[in-house]
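So this one's structure_32.tsv, TSV, C-alpha atoms and all ligand atoms:
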```
chain	number	residue	atom	x	y	z
A	871	MET	CA	7.20	-15.96	-12.75
A	872	SER	CA	8.18	-12.77	-14.49
A	873	MET	CA	10.27	-10.29	-12.50
A	874	LYS	CA	9.75	-7.39	-14.86
A	875	LYS	CA	10.40	-3.96	-13.45
A	876	VAL	CA	10.14	-0.43	-14.74
A	877	GLU	CA	11.76	2.73	-13.44
A	878	ILE	CA	9.31	5.61	-13.02
A	879	LEU	CA	10.81	8.95	-11.90
A	880	GLY	CA	13.67	7.12	-10.21
A	881	VAL	CA	11.56	4.49	-8.46
A	882	THR	CA	11.60	0.86	-9.55
A	883	VAL	CA	8.06	-0.50	-9.84
A	884	ASP	CA	7.21	-4.17	-10.42
A	885	SER	CA	5.20	-5.03	-13.51
A	886	LEU	CA	2.83	-7.83	-12.55
A	887	THR	CA	-0.81	-8.88	-12.30
A	888	MET	CA	-2.79	-9.15	-9.08
A	889	GLY	CA	-2.47	-12.95	-9.28
A	890	GLU	CA	1.30	-12.71	-9.63
A	891	ALA	CA	1.54	-10.25	-6.75
A	892	VAL	CA	-0.43	-12.62	-4.51
A	893	SER	CA	1.76	-15.62	-5.38
A	894	ARG	CA	4.93	-13.56	-4.84
A	895	ILE	CA	3.63	-12.56	-1.41
A	896	GLU	CA	2.65	-16.16	-0.61
A	897	GLY	CA	6.26	-17.06	-1.34
A	898	TYR	CA	7.38	-14.41	1.17
A	899	LEU	CA	4.88	-15.75	3.70
A	900	SER	CA	6.48	-19.17	3.62
A	901	LYS	CA	9.74	-17.66	4.91
A	902	LYS	CA	10.82	-15.80	8.04
A	903	LYS	CA	12.63	-12.92	6.37
A	904	PRO	CA	10.78	-9.61	6.85
A	905	ARG	CA	9.61	-8.12	3.56
A	906	LEU	CA	8.32	-4.68	2.74
A	907	ILE	CA	5.66	-4.10	0.12
A	908	ALA	CA	4.64	-0.69	-1.19
A	909	THR	CA	1.69	0.27	-3.35
A	910	ALA	CA	2.81	3.06	-5.64
A	911	ASN	CA	0.35	5.57	-7.05
A	912	ALA	CA	1.16	8.81	-8.88
A	913	GLU	CA	1.04	10.82	-5.68
A	914	MET	CA	3.57	8.57	-3.96
A	915	LEU	CA	5.90	8.57	-6.96
A	916	MET	CA	5.70	12.37	-7.16
A	917	ARG	CA	6.48	12.63	-3.48
A	918	ALA	CA	9.50	10.38	-3.92
A	919	THR	CA	11.00	12.89	-6.37
A	920	SER	CA	11.42	15.38	-3.52
A	921	ASP	CA	11.64	12.98	-0.55
A	922	GLN	CA	14.93	11.11	-0.89
A	923	GLU	CA	14.25	8.93	2.14
A	924	LEU	CA	10.98	7.71	0.64
A	925	LYS	CA	12.67	7.11	-2.71
A	926	HIS	CA	15.39	5.06	-1.03
A	927	ILE	CA	12.81	3.00	0.88
A	928	LEU	CA	10.74	2.30	-2.24
A	929	ASN	CA	13.84	1.15	-4.09
A	930	ALA	CA	14.80	-1.04	-1.16
A	931	ALA	CA	11.30	-2.56	-0.88
A	932	ASP	CA	10.84	-6.20	-1.88
A	933	LEU	CA	7.83	-5.46	-4.02
A	934	VAL	CA	6.35	-2.21	-5.35
A	935	VAL	CA	2.97	-2.81	-6.98
A	936	PRO	CA	1.37	-0.44	-9.49
A	937	ASP	CA	-1.44	1.07	-7.44
A	938	GLY	CA	-3.30	3.53	-9.60
A	939	ALA	CA	-4.10	4.36	-13.19
A	940	GLY	CA	-1.29	6.95	-13.23
A	941	THR	CA	1.38	4.36	-12.45
A	942	VAL	CA	0.06	1.95	-15.11
A	943	TRP	CA	-0.07	4.77	-17.66
A	944	ALA	CA	3.50	5.85	-16.86
A	945	ALA	CA	4.84	2.30	-17.20
A	946	ASN	CA	3.19	1.85	-20.58
A	947	TYR	CA	4.30	5.30	-21.71
A	948	LEU	CA	7.88	4.44	-20.77
A	949	GLY	CA	7.67	1.27	-22.85
A	950	CYS	CA	6.94	-1.36	-20.22
A	951	LYS	CA	3.65	-3.16	-20.81
A	952	MET	CA	2.00	-3.10	-17.38
A	953	PRO	CA	-0.69	-5.81	-17.34
A	954	GLU	CA	-3.04	-4.21	-14.82
A	955	ARG	CA	-3.46	-2.05	-11.79
A	956	VAL	CA	-2.79	-3.71	-8.42
A	957	ALA	CA	-4.57	-1.48	-5.92
A	958	GLY	CA	-3.46	-1.73	-2.30
A	959	TYR	CA	-7.02	-2.10	-1.10
A	960	ASP	CA	-7.68	-4.99	-3.51
A	961	LEU	CA	-4.37	-6.65	-2.68
A	962	ALA	CA	-5.18	-6.53	1.03
A	963	GLN	CA	-8.61	-8.09	0.34
A	964	GLU	CA	-7.08	-10.88	-1.79
A	965	LEU	CA	-4.65	-11.74	0.99
A	966	MET	CA	-7.34	-11.69	3.66
A	967	ALA	CA	-9.55	-13.90	1.50
A	968	ILE	CA	-6.94	-16.69	1.53
A	969	ALA	CA	-5.82	-16.04	5.12
A	970	PRO	CA	-8.36	-18.29	6.93
A	971	LYS	CA	-7.47	-21.36	4.87
A	972	LYS	CA	-3.74	-20.72	4.99
A	973	GLY	CA	-3.78	-19.77	8.68
A	974	TYR	CA	-2.20	-16.34	8.10
A	975	ARG	CA	-2.60	-14.00	11.06
A	976	VAL	CA	-3.22	-10.37	10.13
A	977	TYR	CA	-2.50	-7.24	12.19
A	978	PHE	CA	-4.20	-3.89	11.50
A	979	PHE	CA	-2.06	-0.89	12.40
A	980	GLY	CA	-3.28	2.60	11.60
A	981	SER	CA	-6.17	4.99	11.04
A	982	ALA	CA	-8.08	7.02	13.61
A	983	PRO	CA	-9.11	5.51	16.98
A	984	GLY	CA	-12.08	3.15	16.52
A	985	VAL	CA	-11.55	2.54	12.81
A	986	ALA	CA	-9.38	-0.59	13.06
A	987	GLU	CA	-12.00	-2.18	15.37
A	988	LYS	CA	-14.67	-1.65	12.72
A	989	ALA	CA	-12.37	-2.87	9.96
A	990	LYS	CA	-11.69	-6.00	12.03
A	991	ALA	CA	-15.43	-6.69	12.40
A	992	LYS	CA	-15.82	-6.23	8.65
A	993	ALA	CA	-12.94	-8.61	7.92
A	994	GLU	CA	-14.49	-11.24	10.20
A	995	GLU	CA	-17.78	-10.86	8.35
A	996	LEU	CA	-16.22	-11.00	4.87
A	997	TYR	CA	-13.64	-13.71	5.58
A	998	PRO	CA	-15.06	-16.17	8.11
A	999	GLY	CA	-12.40	-17.74	10.29
A	1000	ILE	CA	-9.86	-14.95	9.71
A	1001	ASN	CA	-7.51	-14.27	12.61
A	1002	ILE	CA	-7.02	-10.52	13.04
A	1003	CYS	CA	-4.42	-11.02	15.74
A	1004	GLY	CA	-4.12	-7.38	16.79
A	1005	ILE	CA	-5.14	-3.82	16.09
A	1006	ARG	CA	-3.67	-0.41	16.95
A	1007	ASN	CA	-4.72	3.03	15.78
A	1008	GLY	CA	-2.23	5.11	13.85
A	1009	PHE	CA	-2.02	8.14	16.11
A	1010	PHE	CA	0.87	7.91	18.53
A	1011	THR	CA	3.93	9.70	19.84
A	1012	GLU	CA	7.49	8.46	20.03
A	1013	ALA	CA	6.85	7.48	23.64
A	1014	ASP	CA	4.20	4.95	22.49
A	1015	GLU	CA	6.38	3.24	19.93
A	1016	ALA	CA	8.07	0.69	22.16
A	1017	GLN	CA	4.66	-0.54	23.31
A	1018	ILE	CA	3.33	-0.70	19.74
A	1019	ILE	CA	6.35	-2.71	18.62
A	1020	ALA	CA	6.06	-5.07	21.59
A	1021	ASP	CA	2.37	-5.58	20.88
A	1022	ILE	CA	2.95	-6.40	17.21
A	1023	LYS	CA	5.79	-8.79	18.11
A	1024	ALA	CA	3.65	-10.56	20.70
A	1025	ALA	CA	0.75	-10.96	18.25
A	1026	LYS	CA	3.13	-12.64	15.73
A	1027	PRO	CA	1.27	-11.62	12.57
A	1028	HIS	CA	2.21	-13.06	9.18
A	1029	ILE	CA	0.83	-9.93	7.52
A	1030	LEU	CA	1.04	-6.41	8.92
A	1031	LEU	CA	-1.23	-3.90	7.21
A	1032	ALA	CA	-0.01	-0.40	8.03
A	1033	ALA	CA	-2.47	2.39	7.27
A	1034	LEU	CA	-0.64	5.50	8.48
A	1035	GLY	CA	-0.71	7.38	5.18
A	1036	VAL	CA	2.17	8.07	2.78
A	1037	PRO	CA	5.07	8.38	3.59
A	1038	LYS	CA	4.62	7.72	7.31
A	1039	GLN	CA	3.67	4.07	6.83
A	1040	GLU	CA	6.63	3.32	4.53
A	1041	LYS	CA	9.10	5.10	6.82
A	1042	TRP	CA	7.75	3.47	9.97
A	1043	LEU	CA	7.74	-0.03	8.49
A	1044	TYR	CA	11.21	0.37	7.01
A	1045	SER	CA	12.77	1.55	10.24
A	1046	HIS	CA	11.15	-1.18	12.35
A	1047	MET	CA	10.90	-4.21	10.05
A	1048	LYS	CA	14.13	-5.85	11.25
A	1049	GLU	CA	12.93	-5.65	14.81
A	1050	LEU	CA	9.35	-6.73	14.08
A	1051	VAL	CA	10.28	-9.79	11.98
A	1052	VAL	CA	6.87	-9.88	10.33
A	1053	PRO	CA	7.14	-11.79	7.02
A	1054	VAL	CA	4.99	-9.36	5.05
A	1055	SER	CA	4.41	-5.69	5.87
A	1056	ILE	CA	2.35	-3.57	3.49
A	1057	GLY	CA	1.59	0.15	3.51
A	1058	VAL	CA	-2.10	0.29	2.64
A	1059	GLY	CA	-3.13	3.95	3.06
A	1060	GLY	CA	-6.88	4.33	3.40
A	1061	THR	CA	-7.73	0.61	3.35
A	1062	LEU	CA	-8.92	0.40	6.96
A	1063	ASP	CA	-11.03	3.55	6.49
A	1064	VAL	CA	-12.73	1.95	3.48
A	1065	MET	CA	-13.29	-1.35	5.31
A	1066	ALA	CA	-14.74	0.48	8.29
A	1067	GLY	CA	-17.07	2.44	6.02
A	1068	VAL	CA	-15.49	5.75	7.06
A	1069	MET	CA	-14.39	6.36	3.48
A	1070	GLN	CA	-15.82	5.09	0.20
A	1071	ARG	CA	-13.99	3.74	-2.77
A	1072	ALA	CA	-14.93	5.06	-6.18
A	1073	PRO	CA	-17.77	3.14	-7.87
A	1074	LEU	CA	-16.56	0.33	-10.14
A	1075	TRP	CA	-17.39	2.23	-13.33
A	1076	MET	CA	-15.15	5.08	-12.18
A	1077	GLN	CA	-12.36	2.66	-11.28
A	1078	LYS	CA	-12.71	1.09	-14.73
A	1079	ALA	CA	-12.68	4.53	-16.37
A	1080	LYS	CA	-9.41	5.11	-14.46
A	1081	LEU	CA	-10.99	7.96	-12.53
A	1082	GLU	CA	-10.57	6.78	-8.95
A	1083	TRP	CA	-8.08	9.61	-8.29
A	1084	LEU	CA	-10.74	12.15	-9.30
A	1085	PHE	CA	-13.32	10.55	-7.02
A	1086	ARG	CA	-10.92	10.62	-4.07
A	1087	GLY	CA	-9.96	14.21	-4.71
A	1088	LEU	CA	-13.57	15.35	-4.89
A	1089	LYS	CA	-14.73	13.24	-1.96
A	1090	GLN	CA	-12.11	14.62	0.40
A	1091	PRO	CA	-11.95	18.38	-0.02
A	1092	SER	CA	-8.82	18.43	2.13
A	1093	ARG	CA	-7.17	16.41	-0.64
A	1094	ALA	CA	-8.42	18.55	-3.50
A	1095	GLY	CA	-5.02	20.21	-3.79
A	1096	ARG	CA	-3.50	16.79	-4.18
A	1097	LEU	CA	-5.56	16.32	-7.36
A	1098	MET	CA	-2.88	18.36	-9.09
A	1099	ALA	CA	-0.40	15.58	-8.35
A	1100	LEU	CA	-1.69	13.56	-11.31
A	1101	PRO	CA	-1.29	16.17	-14.06
A	1102	ARG	CA	2.07	17.16	-12.54
A	1103	PHE	CA	3.06	13.50	-12.53
A	1104	VAL	CA	2.08	13.09	-16.19
A	1105	LEU	CA	4.17	16.11	-17.25
A	1106	ARG	CA	7.10	14.94	-15.16
A	1107	VAL	CA	7.04	11.44	-16.68
A	1108	MET	CA	6.84	12.90	-20.19
A	1109	ALA	CA	9.82	15.14	-19.49
A	1110	SER	CA	11.78	12.23	-18.03
A	1111	LYS	CA	11.27	10.22	-21.23
A	1112	LYS	CA	12.51	13.07	-23.41
A	1113	LYS	CA	15.69	13.27	-21.38
A	1114	LYS	CA	16.53	9.60	-22.01
A	1201	LIG	N1	-3.22	8.10	9.56
A	1201	LIG	C1	-2.71	7.53	10.71
A	1201	LIG	N2	-1.77	8.21	11.42
A	1201	LIG	C2	-1.33	9.43	11.07
A	1201	LIG	C3	-1.84	10.01	9.87
A	1201	LIG	C4	-2.79	9.31	9.14
A	1201	LIG	O1	-3.08	6.41	11.07
A	1201	LIG	O2	-0.50	9.99	11.77
A	1201	LIG	C5	-4.23	7.35	8.80
A	1201	LIG	C6	-5.49	8.07	8.46
A	1201	LIG	O3	-6.38	8.04	9.56
A	1201	LIG	C7	-6.00	7.25	7.28
A	1201	LIG	C8	-4.73	6.70	6.65
A	1201	LIG	O4	-3.68	7.03	7.54
A	1201	LIG	O5	-6.73	6.16	7.75
A	1201	LIG	C9	-4.44	7.21	5.27
A	1201	LIG	O6	-4.36	8.59	5.32
A	1201	LIG	P1	-4.39	9.49	4.02
A	1201	LIG	O7	-5.62	9.20	3.24
A	1201	LIG	O8	-4.11	10.88	4.44
A	1201	LIG	O9	-3.10	8.97	3.27
A	1201	LIG	P2	-2.73	8.36	1.85
A	1201	LIG	O10	-2.23	6.99	2.11
A	1201	LIG	O11	-3.94	8.39	0.96
A	1201	LIG	O12	-1.66	9.26	1.38
```
As structure tokens, the full file:
Amino acid sequence: MSMKKVEILGVTVDSLTMGEAVSRIEGYLSKKKPRLIATANAEMLMRATSDQELKHILNAADLVVPDGAGTVWAANYLGCKMPERVAGYDLAQELMAIAPKKGYRVYFFGSAPGVAEKAKAKAEELYPGINICGIRNGFFTEADEAQIIADIKAAKPHILLAALGVPKQEKWLYSHMKELVVPVSIGVGGTLDVMAGVMQRAPLWMQKAKLEWLFRGLKQPSRAGRLMALPRFVLRVMASKKKK
């Protein structure tokens, strides 16, 4: 399997297909060692340029998949042929699809109260026989953390999907992964919201036209300001290439 990587604004991103990402993760699932997986879009990579802790975590992660048209564009622009986009939502679905047969237990951690319950019901409908071994909403204080960690440890998931938003999910997983000993932890952003029907993904034609970022920005007015992250990202990547 290829282990091609590309550095985008100081973060090393893996260049692989969805199929390759799934087999890499299946390899991790056959072992005990806790692994961290991040799904890097333009917004996350931009944030990592000013958040050194996030940058360090991404570079320490076992796998950083190219989530988003911006990341794929940047890789290609920098001379690394990126085969395709590996969206966090799609990756989570692929893993849940094989989970019943493989016996992987999945834990949902994150999103507003009530959302993970709905996402669990959806997962059970989509993937009959799946074992969602635990759920916990993503709103908590430091005082709740010991209980959350104990609950995850007791549920013994193979896959921990953390939907706390960027960079909270990456920072939380990184600081607790040694203690949790979950083979595969993935920061999945809005995945539980989409599964629960609280948030919609862009229609397929928009995804294919590489416009999912636009859809998300328009759909969530609170995020409209974040729309600027993509053009800023493009300029930043262009400038970084000139410097080389
Ligand atoms: N979220 C959470 N805890 C928090 C903040 C956010 O569980 O303290 C959840 C939020 O409810 C949503 C998810 O994190 O389900 C992703 O949030 P957002 O879309 O803001 O983040 P992104 O990953 O797109 O940056």
Val976 of chain A environment, 10 Å, all atoms listed in the file, sequence neighbours closer than 4 positions dropped, as a PyMOL selection string: chain A and resi 965-966+969-970+990+1000-1005+1025-1031+1054-1055
Selection to disk with C-alpha atoms, as a tab-separated table (two decimals), in the coordinates of the input:
```
chain	number	residue	atom	x	y	z
A	965	LEU	CA	-4.65	-11.74	0.99
A	966	MET	CA	-7.34	-11.69	3.66
A	969	ALA	CA	-5.82	-16.04	5.12
A	970	PRO	CA	-8.36	-18.29	6.93
A	990	LYS	CA	-11.69	-6.00	12.03
A	1000	ILE	CA	-9.86	-14.95	9.71
A	1001	ASN	CA	-7.51	-14.27	12.61
A	1002	ILE	CA	-7.02	-10.52	13.04
A	1003	CYS	CA	-4.42	-11.02	15.74
A	1004	GLY	CA	-4.12	-7.38	16.79
A	1005	ILE	CA	-5.14	-3.82	16.09
A	1025	ALA	CA	0.75	-10.96	18.25
A	1026	LYS	CA	3.13	-12.64	15.73
A	1027	PRO	CA	1.27	-11.62	12.57
A	1028	HIS	CA	2.21	-13.06	9.18
A	1029	ILE	CA	0.83	-9.93	7.52
A	1030	LEU	CA	1.04	-6.41	8.92
A	1031	LEU	CA	-1.23	-3.90	7.21
A	1054	VAL	CA	4.99	-9.36	5.05
A	1055	SER	CA	4.41	-5.69	5.87
```
Counting all atoms listed in the file, which protein, DNA or RNA residues come within 6 Å of ligand LIG 1201 (chain A), given as an MDAnalysis selection string? chainID A and resid 980:982 1008:1009 1033:1036 1059:1060 1063
Would you please work out which residue, of A:Glu913, A:Val1068, A:Met873, A:Lys1112, is nearest to Gly1087 of chain A when using all atoms listed in the file? A:Glu913
Pick out the closest residue to Asp932 of chain A from this set: A:Ala891, A:Ala986, A:Ala1072, A:Ile907. Count only C-alpha atoms. A:Ile907
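Atom CA of Thr882 of chain A lies 15.5 Å from atom CA of Phe1103 of chain A.
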I need the residue nearest Ala989 of chain A from this list: A:Val1064, A:Ile878, A:Cys950, A:Leu1043. Use all atoms listed in the file for the distance. A:Val1064
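Ranking A:Pro936, A:Pro904, A:Gly949, A:Pro1053 by their shortest atom-to-atom distance to Val1107 of chain A, with all atoms listed in the file included, puts A:Gly949 first.
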Selected residue, from A:Asn929, A:Leu879, A:Leu924, A:Lys901, that lies nearest to Lys1041 of chain A when counting only C-alpha atoms: A:Leu924
